[in-house]
Amino acid sequence: MELYSSGDILLFRRRIIYLTVLVFCVFAGVTFRFFYLQIIQNPRFKALSEENRIKTKRLFPIRGLIYDRHLRPIADNQPLYKVLIRPEYIKNEKETALWLEKNLNISQKDFETKLTNHLKVNPPFVPLVLLEDATFDQVSRVETSKFAHPELEVAVVPVRHYPYSSAFAHVLGYVGEITHDELKLYKRYGYRIGDFVGKAGIELAFEKNLHGREGALFVEIDATGRELRVVKEIPPVQGDSVITTLDLQLQLYADKLMKSKSGAFVVINPHSGEILAAGSYPSFDSNIPARPRLRRQWLKLSRSPLHPLLNRLIQGLYAPGSTFKPVVALAGLAEKIIDPQETLVCRGRYRIVRRWFRDWKRWGHGTVDMIRALAVSCDVYFYHLGLLVGPWEIFKYAKLLGFGETTGIEIPGEKTGFVPSPSWKEKVIGEGWTAGETAVLSIGQGYILVTPLQMALAYAALVTGGHIPHPYIVSDIISPDGKKIWHREPEILRDVNIQPDALEILKEGLFEAVNARNGTGIRARSRIIHIAGKTGTAQVIASQKDEKEIPEHLRDHAWFIGMAPAEDPEIVVAVIVEHGGSGGKTAAPIARAIIEKYFSIRSGESTDVF
Amino acid sequence: MYFERKSGTELVAPLTLMAIVMVCGLLNLSSSTATSGFKGLLARQFIWDMFAAGIFVATAFVGRRSLKTFAYTIYAASLLSLIGVLIHGTGPGDVKRWLTLGPLRFQPSELTKAGVISVMAVYLSTVTEKETRDLSKLLGTMLVSGVPVILIALEPDIGTAGVVLLSAGCLLLIAGLNKRTLLILTIAGIVAMPVVWKYGLKDYQKKRIETFLSPEKDPMGAGYQSIQSKITVGSGGLWGKGFRKGTQTQLRFLPEQHTDFAFSVWAEEWGFMGSLFVIAMYFFLALIYAEGAASAHSLDTLFLNAGVCIHITLHAFFNLGMVAGMLPVVGLPLPFFSYGGSTAIATALLMGLAEASKNVSLFDARL
């Protein structure tokens, strides 16, 4: 072995010093790096590691139930099944795709694009939702092949269910997935993407009570996303339930009557303002918007030319027709402009300035006083009365009775309707008010627009002597453990001062309309109970033709507002049937049937629910 | 007749350091495999560790005269097994890294580290200072290190190939590679880089380097390991989360947590103090051999000791740097700490040779 001079060795040893310096530097650097990560950056990484191991799973709350007045549920919840796939567990993509096509009807191409898109956007171990709303058959197919396809999974979340599908659609409203705008509104209450929220009706008005509070499951997971154990569980809090004033039996009965028609009805307690039944038609199955599976149906509904989503009860604006006549009569009586006993001979036409105004009955009604005029719905009498009273007084009393104002019912989206006045016309149309217009207004036609609910409430004033109640549907809110946490006391919305004698005349007129010979509401006459009421026909177009000759969509709307028992009414019923022709023919029988049903339920005779 | 060191007292310090690291490694292995379902790793590693320690002691008593033969034997064996691995190797996917012999599986590239360093040391000790200016003389050393590097790169295992090349390069620098040669080699290296990038590297390797340069770009893909390792290390804090209480580890967020990333488990559970402790062990080990080189009386002793120092420093640097997210994921183990026998045995062998070279023969002593 060759050896070197000591000089050579010394030279090499100097290089070893460089090496030692390098060793120092390397270890110092590494040490500093660990110091930096473990001491300086420790809080950050600690937080990250916490996030790493804990996965939060949302536990959706069960929405509070909605009950009818006898605590029968009219809106509850059902499980919604979702089929998920965990991409990491797919053993053979081709085979899985084939299985999906065969069993779940998901085309292979669809699945592949879905999967690639999903993997592109999501971190690993996030399951892909294949079916948002699987049918029972699909769920059982997945469940039975769990062994062959462990990548498939069924998840269950509660979804709103309306056992009576369309019967309560416009009162209860419906729920649907939260939209971007709604999210902004609800964010501070802890709502998140994917939540279901009330979109209309009681569901919307009482959203915050019904919703409940989301819970969370904190699950420790490993890197494969496998769930190891539950670290903490915050159980979801079920939403509060609401008790409504609705009567299931009555509602279902009325629903059956109205189903094939277009229009609205409402049954209200004139003293308290409780709504016993109400609906708008055409209706729709309120289960549809909450079900992802039925999205297409929902789209179709929202585009339907029949506007099934329009809540005609509070959003449908109609001319009141002859149902408005008692308002004019009230104005005349209250302002002492007319003596109700005073008679007028109706010959079927009335001349104002140089124009003839026709009565609905070609040859007239003969001699009529106010009661008779109300009973036979004599137009001529009310042309005359209207002109005596004047547009301002009509305007005043219409306003007092709540027309042109919202009623304050809980259901959102209520329309005010419209009561014209001379000054309005001058301002908006720029023309002066004419006597003809007063006459037209007197029989409830022309510019005036009302909602069926307003109509019912105005008639409630005739029952209570001028006290119009605040209408409501929800009487109580109860917590999930059954405690009553809120109770609604009836309140008076507006007070109209109606003298008792004037009230008597009007009631008599309404009673006669149903019960007297030639009364227009004769078809509302009941052998079981005394009904009082008023028919109305809201003109869609002015025509002299017989109603059968007019195409259906141009036919008049049929009104009937009734109350019973006539002596001391417990309920007021308003019915409008769009394009139903005359009110007496179409709307009155429906109102009568509803009223009869109400009393048979009350007396305990009728207990059937369907 | 030789005068050979018989006492072995000089072996106490490196052996103690080695043992401490091994104990830490075993502790760590028991924690990192607690939830993973790997069974029997601990016992196996214990046997490897004992074997490595035995090899260290045994090699340390190799006669000074047989050193050269010994070095060349290791080198030849590693070359042969490298060829063998290319033909019959196993590994993940198309990668061939392990040679399976019955129940044993070993990594020839690890043995190569010992082979190249020892042969380089022995060879360089015959080259005089003036001869280092002679490129043709250096050609031999380049060939000695170049052939196994290429073979390892073919497996492919760029990390190991790189560290072998770097070790050889460091030894050359100590041997006195002159500035002109260094310049030429550097320029050649720079010129070769894009060629290597384009043709020499596999896609996953390119990705690793790209990922290192910007790991947050792809946090769930290739950057995952690097980020998870940083989180694991960083969440440890000063005192750590406690033995077997590392959440990152026990929940297996970290791939390869008992092999190349074993140290991040340690750092999580024992904190900065624990990290500092083990880093210090390696530092002392490196210093022992730096000192051995500095106080060497012959060139082969100097080169062998420097080689061990370089070997340990490079492995500590690359592995800890990778674990701490300073360096790309190169896949280098931490000798005596990470799971696996090949690295431990190769390092022990090298350390033993360095110790053996200190055995002084009376006939050789001209100093």
# chains A, B, ... in the order shown; residues from 1 in each chain; ligands from 1
>>> select_by_dssp(residues="region 26-188 of chain B", states="helix (DSSP H, G or I)", output="JSON list (two decimals) with C-alpha atoms, in the first residue's frame")
[["chain", "number", "residue", "atom", "x", "y", "z"],
["B", 26, "LEU", "CA", -37.82, 0.48, 16.61],
["B", 27, "LEU", "CA", -39.98, 2.53, 18.95],
["B", 28, "ASN", "CA", -41.12, 4.56, 16.03],
["B", 29, "LEU", "CA", -41.81, 1.49, 13.95],
["B", 30, "SER", "CA", -44.02, 0.05, 16.64],
["B", 31, "SER", "CA", -46.03, 3.26, 16.61],
["B", 32, "SER", "CA", -46.24, 3.75, 12.87],
["B", 41, "LEU", "CA", -42.19, -5.81, 11.09],
["B", 42, "LEU", "CA", -40.86, -4.98, 14.50],
["B", 43, "ALA", "CA", -39.26, -8.37, 15.06],
["B", 44, "ARG", "CA", -37.84, -8.39, 11.59],
["B", 45, "GLN", "CA", -36.35, -4.94, 12.00],
["B", 46, "PHE", "CA", -34.86, -5.93, 15.34],
["B", 47, "ILE", "CA", -33.09, -8.82, 13.68],
["B", 48, "TRP", "CA", -31.84, -6.58, 10.89],
["B", 49, "ASP", "CA", -30.57, -4.10, 13.45],
["B", 50, "MET", "CA", -28.70, -6.75, 15.43],
["B", 51, "PHE", "CA", -27.28, -8.10, 12.23],
["B", 52, "ALA", "CA", -26.14, -4.65, 11.15],
["B", 53, "ALA", "CA", -24.50, -3.99, 14.50],
["B", 54, "GLY", "CA", -22.77, -7.34, 14.27],
["B", 55, "ILE", "CA", -21.51, -6.59, 10.78],
["B", 56, "PHE", "CA", -20.17, -3.25, 11.99],
["B", 57, "VAL", "CA", -18.19, -4.84, 14.78],
["B", 58, "ALA", "CA", -17.00, -7.72, 12.64],
["B", 59, "THR", "CA", -15.89, -5.51, 9.77],
["B", 60, "ALA", "CA", -14.08, -3.24, 12.17],
["B", 64, "ARG", "CA", -5.77, -3.75, 7.24],
["B", 65, "ARG", "CA", -4.18, -5.70, 4.43],
["B", 66, "SER", "CA", -7.37, -7.37, 3.35],
["B", 67, "LEU", "CA", -9.16, -4.04, 3.21],
["B", 68, "LYS", "CA", -8.58, -3.55, -0.48],
["B", 69, "THR", "CA", -9.77, -7.02, -1.35],
["B", 70, "PHE", "CA", -12.74, -6.57, 0.91],
["B", 71, "ALA", "CA", -13.73, -3.32, -0.72],
["B", 72, "TYR", "CA", -13.49, -4.73, -4.21],
["B", 73, "THR", "CA", -15.44, -7.79, -3.16],
["B", 74, "ILE", "CA", -18.30, -5.65, -1.88],
["B", 75, "TYR", "CA", -18.16, -3.59, -5.03],
["B", 76, "ALA", "CA", -18.22, -6.62, -7.29],
["B", 77, "ALA", "CA", -21.02, -8.20, -5.33],
["B", 78, "SER", "CA", -23.10, -5.05, -5.55],
["B", 79, "LEU", "CA", -22.48, -4.75, -9.29],
["B", 80, "LEU", "CA", -23.52, -8.34, -9.84],
["B", 81, "SER", "CA", -26.65, -7.95, -7.74],
["B", 82, "LEU", "CA", -27.46, -4.73, -9.58],
["B", 83, "ILE", "CA", -27.35, -6.63, -12.83],
["B", 84, "GLY", "CA", -29.36, -9.36, -11.18],
["B", 85, "VAL", "CA", -32.00, -6.91, -10.06],
["B", 86, "LEU", "CA", -32.40, -5.59, -13.55],
["B", 87, "ILE", "CA", -33.10, -9.10, -14.74],
["B", 88, "HIS", "CA", -34.94, -10.58, -11.80],
["B", 108, "PRO", "CA", -28.67, -4.07, -4.15],
["B", 109, "SER", "CA", -28.55, -0.31, -4.63],
["B", 110, "GLU", "CA", -27.97, 0.08, -0.89],
["B", 111, "LEU", "CA", -25.02, -2.27, -0.98],
["B", 112, "THR", "CA", -23.74, -0.29, -3.95],
["B", 113, "LYS", "CA", -23.45, 2.77, -1.77],
["B", 114, "ALA", "CA", -21.01, 0.90, 0.43],
["B", 115, "GLY", "CA", -19.26, -0.65, -2.57],
["B", 116, "VAL", "CA", -18.72, 2.58, -4.47],
["B", 117, "ILE", "CA", -17.52, 4.56, -1.47],
["B", 118, "SER", "CA", -15.11, 1.91, -0.29],
["B", 119, "VAL", "CA", -13.65, 1.25, -3.74],
["B", 120, "MET", "CA", -13.38, 4.95, -4.48],
["B", 121, "ALA", "CA", -11.61, 5.46, -1.18],
["B", 122, "VAL", "CA", -9.20, 2.62, -1.80],
["B", 123, "TYR", "CA", -8.60, 3.71, -5.38],
["B", 124, "LEU", "CA", -8.21, 7.40, -4.62],
["B", 130, "LYS", "CA", -0.48, 15.69, -8.90],
["B", 131, "GLU", "CA", -2.26, 12.92, -10.67],
["B", 132, "THR", "CA", -5.67, 14.38, -9.86],
["B", 133, "ARG", "CA", -4.97, 16.90, -12.57],
["B", 135, "LEU", "CA", -8.16, 13.32, -16.36],
["B", 136, "SER", "CA", -7.21, 9.85, -17.49],
["B", 137, "LYS", "CA", -6.45, 8.88, -13.92],
["B", 138, "LEU", "CA", -9.83, 10.20, -12.88],
["B", 139, "LEU", "CA", -11.47, 8.26, -15.63],
["B", 140, "GLY", "CA", -11.03, 5.16, -13.50],
["B", 141, "THR", "CA", -12.92, 6.66, -10.58],
["B", 142, "MET", "CA", -15.62, 7.94, -12.87],
["B", 143, "LEU", "CA", -16.00, 4.49, -14.27],
["B", 144, "VAL", "CA", -16.08, 2.94, -10.81],
["B", 145, "SER", "CA", -18.92, 5.18, -9.72],
["B", 146, "GLY", "CA", -20.50, 5.72, -13.12],
["B", 147, "VAL", "CA", -21.36, 2.12, -13.96],
["B", 148, "PRO", "CA", -23.38, 1.39, -10.78],
["B", 149, "VAL", "CA", -25.00, 4.81, -10.97],
["B", 150, "ILE", "CA", -26.26, 4.03, -14.44],
["B", 151, "LEU", "CA", -27.42, 0.58, -13.33],
["B", 152, "ILE", "CA", -29.31, 2.06, -10.40],
["B", 153, "ALA", "CA", -30.79, 4.74, -12.59],
["B", 154, "LEU", "CA", -32.08, 1.99, -14.85],
["B", 158, "ILE", "CA", -32.90, 8.23, -9.35],
["B", 159, "GLY", "CA", -32.68, 9.17, -5.68],
["B", 160, "THR", "CA", -30.19, 6.45, -4.86],
["B", 161, "ALA", "CA", -28.29, 6.95, -8.11],
["B", 162, "GLY", "CA", -28.03, 10.62, -7.28],
["B", 163, "VAL", "CA", -26.76, 10.07, -3.78],
["B", 164, "VAL", "CA", -24.13, 7.59, -5.00],
["B", 165, "LEU", "CA", -23.00, 10.08, -7.61],
["B", 166, "LEU", "CA", -22.90, 12.85, -5.03],
["B", 167, "SER", "CA", -20.89, 10.73, -2.58],
["B", 168, "ALA", "CA", -18.40, 9.91, -5.31],
["B", 169, "GLY", "CA", -18.25, 13.56, -6.31],
["B", 170, "CYS", "CA", -17.54, 14.65, -2.74],
["B", 171, "LEU", "CA", -14.74, 12.12, -2.46],
["B", 172, "LEU", "CA", -13.27, 13.41, -5.72],
["B", 173, "LEU", "CA", -13.33, 16.94, -4.38],
["B", 174, "ILE", "CA", -11.48, 15.83, -1.28],
["B", 175, "ALA", "CA", -8.99, 13.99, -3.47],
["B", 179, "LYS", "CA", -10.70, 23.57, -10.74],
["B", 180, "ARG", "CA", -10.50, 23.07, -14.47],
["B", 181, "THR", "CA", -11.72, 19.50, -14.28],
["B", 182, "LEU", "CA", -14.45, 20.54, -11.91],
["B", 183, "LEU", "CA", -15.51, 23.24, -14.34],
["B", 184, "ILE", "CA", -15.59, 20.80, -17.22],
["B", 185, "LEU", "CA", -17.61, 18.29, -15.24],
["B", 186, "THR", "CA", -20.04, 20.97, -14.05],
["B", 187, "ILE", "CA", -20.60, 22.25, -17.57],
["B", 188, "ALA", "CA", -21.05, 18.69, -18.81]]
>>> interface_residues(of="chain A", to="chain B", cutoff="6 Å", atoms="only C-alpha atoms", output="ChimeraX atom specification")
/A:13,15-16,37-39,42,45-46,222-223
>>> residues_around(residues="Leu374 (chain A)", least_positions_apart="5", cutoff="9 Å", atoms="only C-alpha atoms", output="list in words")
Ser322, Lys325, Pro326, Ala329, Asp369, Tyr381, Phe382, Leu506, Glu508, Gly509, Leu510, Glu512, Ala513, Gly519, Thr520 and Lys534 of chain A
>>> write_last_selection(atoms="N, CA, C and O atoms", output="PDB file, in the first residue's frame")
ATOM      1  N   SER A 322    -121.326  40.942  -8.938  1.00  0.00           N
ATOM      2  CA  SER A 322    -122.461  41.265  -8.060  1.00  0.00           C
ATOM      3  C   SER A 322    -122.175  41.037  -6.597  1.00  0.00           C
ATOM      4  O   SER A 322    -122.908  41.523  -5.739  1.00  0.00           O
ATOM      5  N   LYS A 325    -122.159  44.115  -4.618  1.00  0.00           N
ATOM      6  CA  LYS A 325    -123.367  44.926  -4.409  1.00  0.00           C
ATOM      7  C   LYS A 325    -123.658  45.217  -2.936  1.00  0.00           C
ATOM      8  O   LYS A 325    -124.024  46.346  -2.592  1.00  0.00           O
ATOM      9  N   PRO A 326    -123.482  44.243  -2.045  1.00  0.00           N
ATOM     10  CA  PRO A 326    -123.727  44.570  -0.627  1.00  0.00           C
ATOM     11  C   PRO A 326    -122.848  45.712  -0.128  1.00  0.00           C
ATOM     12  O   PRO A 326    -123.248  46.428   0.796  1.00  0.00           O
ATOM     13  N   ALA A 329    -124.613  48.738  -1.166  1.00  0.00           N
ATOM     14  CA  ALA A 329    -125.814  48.852  -0.329  1.00  0.00           C
ATOM     15  C   ALA A 329    -125.441  49.382   1.038  1.00  0.00           C
ATOM     16  O   ALA A 329    -126.117  50.256   1.598  1.00  0.00           O
ATOM     17  N   ASP A 369    -137.115  46.405  -3.942  1.00  0.00           N
ATOM     18  CA  ASP A 369    -136.538  47.248  -2.899  1.00  0.00           C
ATOM     19  C   ASP A 369    -135.119  46.736  -2.684  1.00  0.00           C
ATOM     20  O   ASP A 369    -134.613  45.887  -3.430  1.00  0.00           O
ATOM     21  N   TYR A 381    -131.143  48.493 -10.006  1.00  0.00           N
ATOM     22  CA  TYR A 381    -131.240  49.076  -8.671  1.00  0.00           C
ATOM     23  C   TYR A 381    -129.881  49.611  -8.225  1.00  0.00           C
ATOM     24  O   TYR A 381    -129.762  50.699  -7.680  1.00  0.00           O
ATOM     25  N   PHE A 382    -128.843  48.813  -8.486  1.00  0.00           N
ATOM     26  CA  PHE A 382    -127.525  49.229  -7.994  1.00  0.00           C
ATOM     27  C   PHE A 382    -126.866  50.301  -8.861  1.00  0.00           C
ATOM     28  O   PHE A 382    -126.061  51.077  -8.373  1.00  0.00           O
ATOM     29  N   LEU A 506    -129.058  43.978   5.086  1.00  0.00           N
ATOM     30  CA  LEU A 506    -128.102  43.273   4.229  1.00  0.00           C
ATOM     31  C   LEU A 506    -128.208  41.760   4.429  1.00  0.00           C
ATOM     32  O   LEU A 506    -128.217  40.993   3.477  1.00  0.00           O
ATOM     33  N   GLU A 508    -130.729  40.106   5.461  1.00  0.00           N
ATOM     34  CA  GLU A 508    -132.005  39.676   4.888  1.00  0.00           C
ATOM     35  C   GLU A 508    -131.855  39.512   3.378  1.00  0.00           C
ATOM     36  O   GLU A 508    -132.297  38.525   2.800  1.00  0.00           O
ATOM     37  N   GLY A 509    -131.226  40.475   2.794  1.00  0.00           N
ATOM     38  CA  GLY A 509    -131.002  40.417   1.338  1.00  0.00           C
ATOM     39  C   GLY A 509    -130.216  39.182   0.956  1.00  0.00           C
ATOM     40  O   GLY A 509    -130.536  38.484  -0.013  1.00  0.00           O
ATOM     41  N   LEU A 510    -129.172  38.882   1.714  1.00  0.00           N
ATOM     42  CA  LEU A 510    -128.350  37.727   1.386  1.00  0.00           C
ATOM     43  C   LEU A 510    -129.093  36.417   1.633  1.00  0.00           C
ATOM     44  O   LEU A 510    -128.948  35.443   0.918  1.00  0.00           O
ATOM     45  N   GLU A 512    -132.365  36.079   1.384  1.00  0.00           N
ATOM     46  CA  GLU A 512    -133.340  35.987   0.292  1.00  0.00           C
ATOM     47  C   GLU A 512    -132.688  35.511  -0.991  1.00  0.00           C
ATOM     48  O   GLU A 512    -133.275  34.754  -1.749  1.00  0.00           O
ATOM     49  N   ALA A 513    -131.476  35.956  -1.212  1.00  0.00           N
ATOM     50  CA  ALA A 513    -130.784  35.593  -2.459  1.00  0.00           C
ATOM     51  C   ALA A 513    -130.680  34.086  -2.603  1.00  0.00           C
ATOM     52  O   ALA A 513    -130.703  33.535  -3.700  1.00  0.00           O
ATOM     53  N   GLY A 519    -134.364  33.944  -6.330  1.00  0.00           N
ATOM     54  CA  GLY A 519    -133.061  34.354  -5.790  1.00  0.00           C
ATOM     55  C   GLY A 519    -131.949  33.801  -6.662  1.00  0.00           C
ATOM     56  O   GLY A 519    -132.027  32.667  -7.149  1.00  0.00           O
ATOM     57  N   THR A 520    -130.921  34.599  -6.867  1.00  0.00           N
ATOM     58  CA  THR A 520    -129.869  34.152  -7.791  1.00  0.00           C
ATOM     59  C   THR A 520    -129.047  33.011  -7.201  1.00  0.00           C
ATOM     60  O   THR A 520    -128.437  32.226  -7.913  1.00  0.00           O
ATOM     61  N   LYS A 534    -124.352  35.528  -1.616  1.00  0.00           N
ATOM     62  CA  LYS A 534    -124.519  36.375  -2.788  1.00  0.00           C
ATOM     63  C   LYS A 534    -123.736  35.793  -3.943  1.00  0.00           C
ATOM     64  O   LYS A 534    -122.566  35.413  -3.780  1.00  0.00           O
TER      65      LYS A 534
END
>>> select_by_dssp(residues="region 297-522 of chain A", states="strand (DSSP E)", output="PyMOL selection string")
chain A and resi 344-346+349-352+355-358+366-368+467-469+474-478+484-487+492-495
>>> atom_distance(atom1="CA of Asp556 (chain A)", atom2="CA of Cys346 (chain A)")
23.3 Å
>>> residues_around(residues="region 233-249 of chain A", least_positions_apart="6", cutoff="8 Å", atoms="only C-alpha atoms", output="PyMOL selection string")
chain A and resi 59-72+74+209-218+274-277+472-480+601+607-610
>>> residues_around(residues="Tyr339 (chain B)", least_positions_apart="2", cutoff="7 Å", atoms="only C-alpha atoms", output="PDB file with N, CA and C atoms, in the first residue's frame")
ATOM      1  N   GLN B  45     -37.261  -6.074  11.958  1.00  0.00           N
ATOM      2  CA  GLN B  45     -36.351  -4.939  12.004  1.00  0.00           C
ATOM      3  C   GLN B  45     -35.317  -5.121  13.125  1.00  0.00           C
ATOM      4  N   HIS B 258     -43.560   4.129   7.564  1.00  0.00           N
ATOM      5  CA  HIS B 258     -42.571   3.389   8.337  1.00  0.00           C
ATOM      6  C   HIS B 258     -41.267   3.230   7.562  1.00  0.00           C
ATOM      7  N   THR B 259     -41.268   3.652   6.316  1.00  0.00           N
ATOM      8  CA  THR B 259     -40.010   3.563   5.565  1.00  0.00           C
ATOM      9  C   THR B 259     -39.392   4.952   5.418  1.00  0.00           C
ATOM     10  N   PHE B 337     -32.741   4.013  11.115  1.00  0.00           N
ATOM     11  CA  PHE B 337     -33.995   4.534  11.657  1.00  0.00           C
ATOM     12  C   PHE B 337     -35.185   4.023  10.843  1.00  0.00           C
TER      13      PHE B 337
END
>>> residues_around(residues="region 387-394 of chain A", least_positions_apart="3", cutoff="8 Å", atoms="only C-alpha atoms", output="list of chain:residue names")
A:Val327, A:Val328, A:Ala331, A:Gly332, A:Ile337, A:Tyr383, A:His384, A:Tyr397, A:Ala398, A:Ser421, A:Pro422, A:Ala435, A:Thr438, A:Ala439, A:Leu441, A:Ser442
>>> atom_distance(atom1="CA of Gly444 (chain A)", atom2="CA of Phe324 (chain A)")
5.0 Å
>>> atom_distance(atom1="CA of Gly321 (chain A)", atom2="CA of Thr535 (chain A)")
8.3 Å
>>> decode(residues="region 449-486 of chain A", atoms="C-alpha atoms", output="PDB file, in the first residue's frame")
ATOM      1  CA  LEU A 449    -110.044  43.938  -8.548  1.00  0.00           C
ATOM      2  CA  VAL A 450    -110.328  41.798  -5.467  1.00  0.00           C
ATOM      3  CA  THR A 451    -108.960  38.533  -4.176  1.00  0.00           C
ATOM      4  CA  PRO A 452    -111.246  35.721  -2.995  1.00  0.00           C
ATOM      5  CA  LEU A 453    -109.890  36.065   0.534  1.00  0.00           C
ATOM      6  CA  GLN A 454    -110.701  39.788   0.634  1.00  0.00           C
ATOM      7  CA  MET A 455    -114.184  38.950  -0.504  1.00  0.00           C
ATOM      8  CA  ALA A 456    -114.689  36.424   2.277  1.00  0.00           C
ATOM      9  CA  LEU A 457    -113.397  38.870   4.879  1.00  0.00           C
ATOM     10  CA  ALA A 458    -115.627  41.683   3.650  1.00  0.00           C
ATOM     11  CA  TYR A 459    -118.612  39.396   4.121  1.00  0.00           C
ATOM     12  CA  ALA A 460    -117.316  38.492   7.564  1.00  0.00           C
ATOM     13  CA  ALA A 461    -117.951  42.126   8.454  1.00  0.00           C
ATOM     14  CA  LEU A 462    -121.620  41.560   7.663  1.00  0.00           C
ATOM     15  CA  VAL A 463    -121.663  38.679  10.110  1.00  0.00           C
ATOM     16  CA  THR A 464    -119.881  40.356  12.980  1.00  0.00           C
ATOM     17  CA  GLY A 465    -121.362  43.791  12.595  1.00  0.00           C
ATOM     18  CA  GLY A 466    -118.294  45.394  11.181  1.00  0.00           C
ATOM     19  CA  HIS A 467    -115.445  43.618  12.868  1.00  0.00           C
ATOM     20  CA  ILE A 468    -113.138  42.117  10.305  1.00  0.00           C
ATOM     21  CA  PRO A 469    -110.818  39.570  11.882  1.00  0.00           C
ATOM     22  CA  HIS A 470    -107.215  39.096  11.030  1.00  0.00           C
ATOM     23  CA  PRO A 471    -107.267  35.895   9.005  1.00  0.00           C
ATOM     24  CA  TYR A 472    -104.832  33.195  10.034  1.00  0.00           C
ATOM     25  CA  ILE A 473    -103.963  29.605   9.469  1.00  0.00           C
ATOM     26  CA  VAL A 474    -101.404  28.800  12.144  1.00  0.00           C
ATOM     27  CA  SER A 475    -102.869  28.773  15.622  1.00  0.00           C
ATOM     28  CA  ASP A 476    -100.084  27.192  17.624  1.00  0.00           C
ATOM     29  CA  ILE A 477     -96.455  26.329  17.440  1.00  0.00           C
ATOM     30  CA  ILE A 478     -95.360  23.318  19.405  1.00  0.00           C
ATOM     31  CA  SER A 479     -91.822  22.274  20.195  1.00  0.00           C
ATOM     32  CA  PRO A 480     -90.628  18.777  19.265  1.00  0.00           C
ATOM     33  CA  ASP A 481     -91.275  17.595  22.811  1.00  0.00           C
ATOM     34  CA  GLY A 482     -94.895  18.634  22.462  1.00  0.00           C
ATOM     35  CA  LYS A 483     -94.891  21.845  24.454  1.00  0.00           C
ATOM     36  CA  LYS A 484     -96.969  24.696  23.176  1.00  0.00           C
ATOM     37  CA  ILE A 485     -94.555  27.538  22.652  1.00  0.00           C
ATOM     38  CA  TRP A 486     -96.773  29.993  20.900  1.00  0.00           C
TER      39      TRP A 486
END
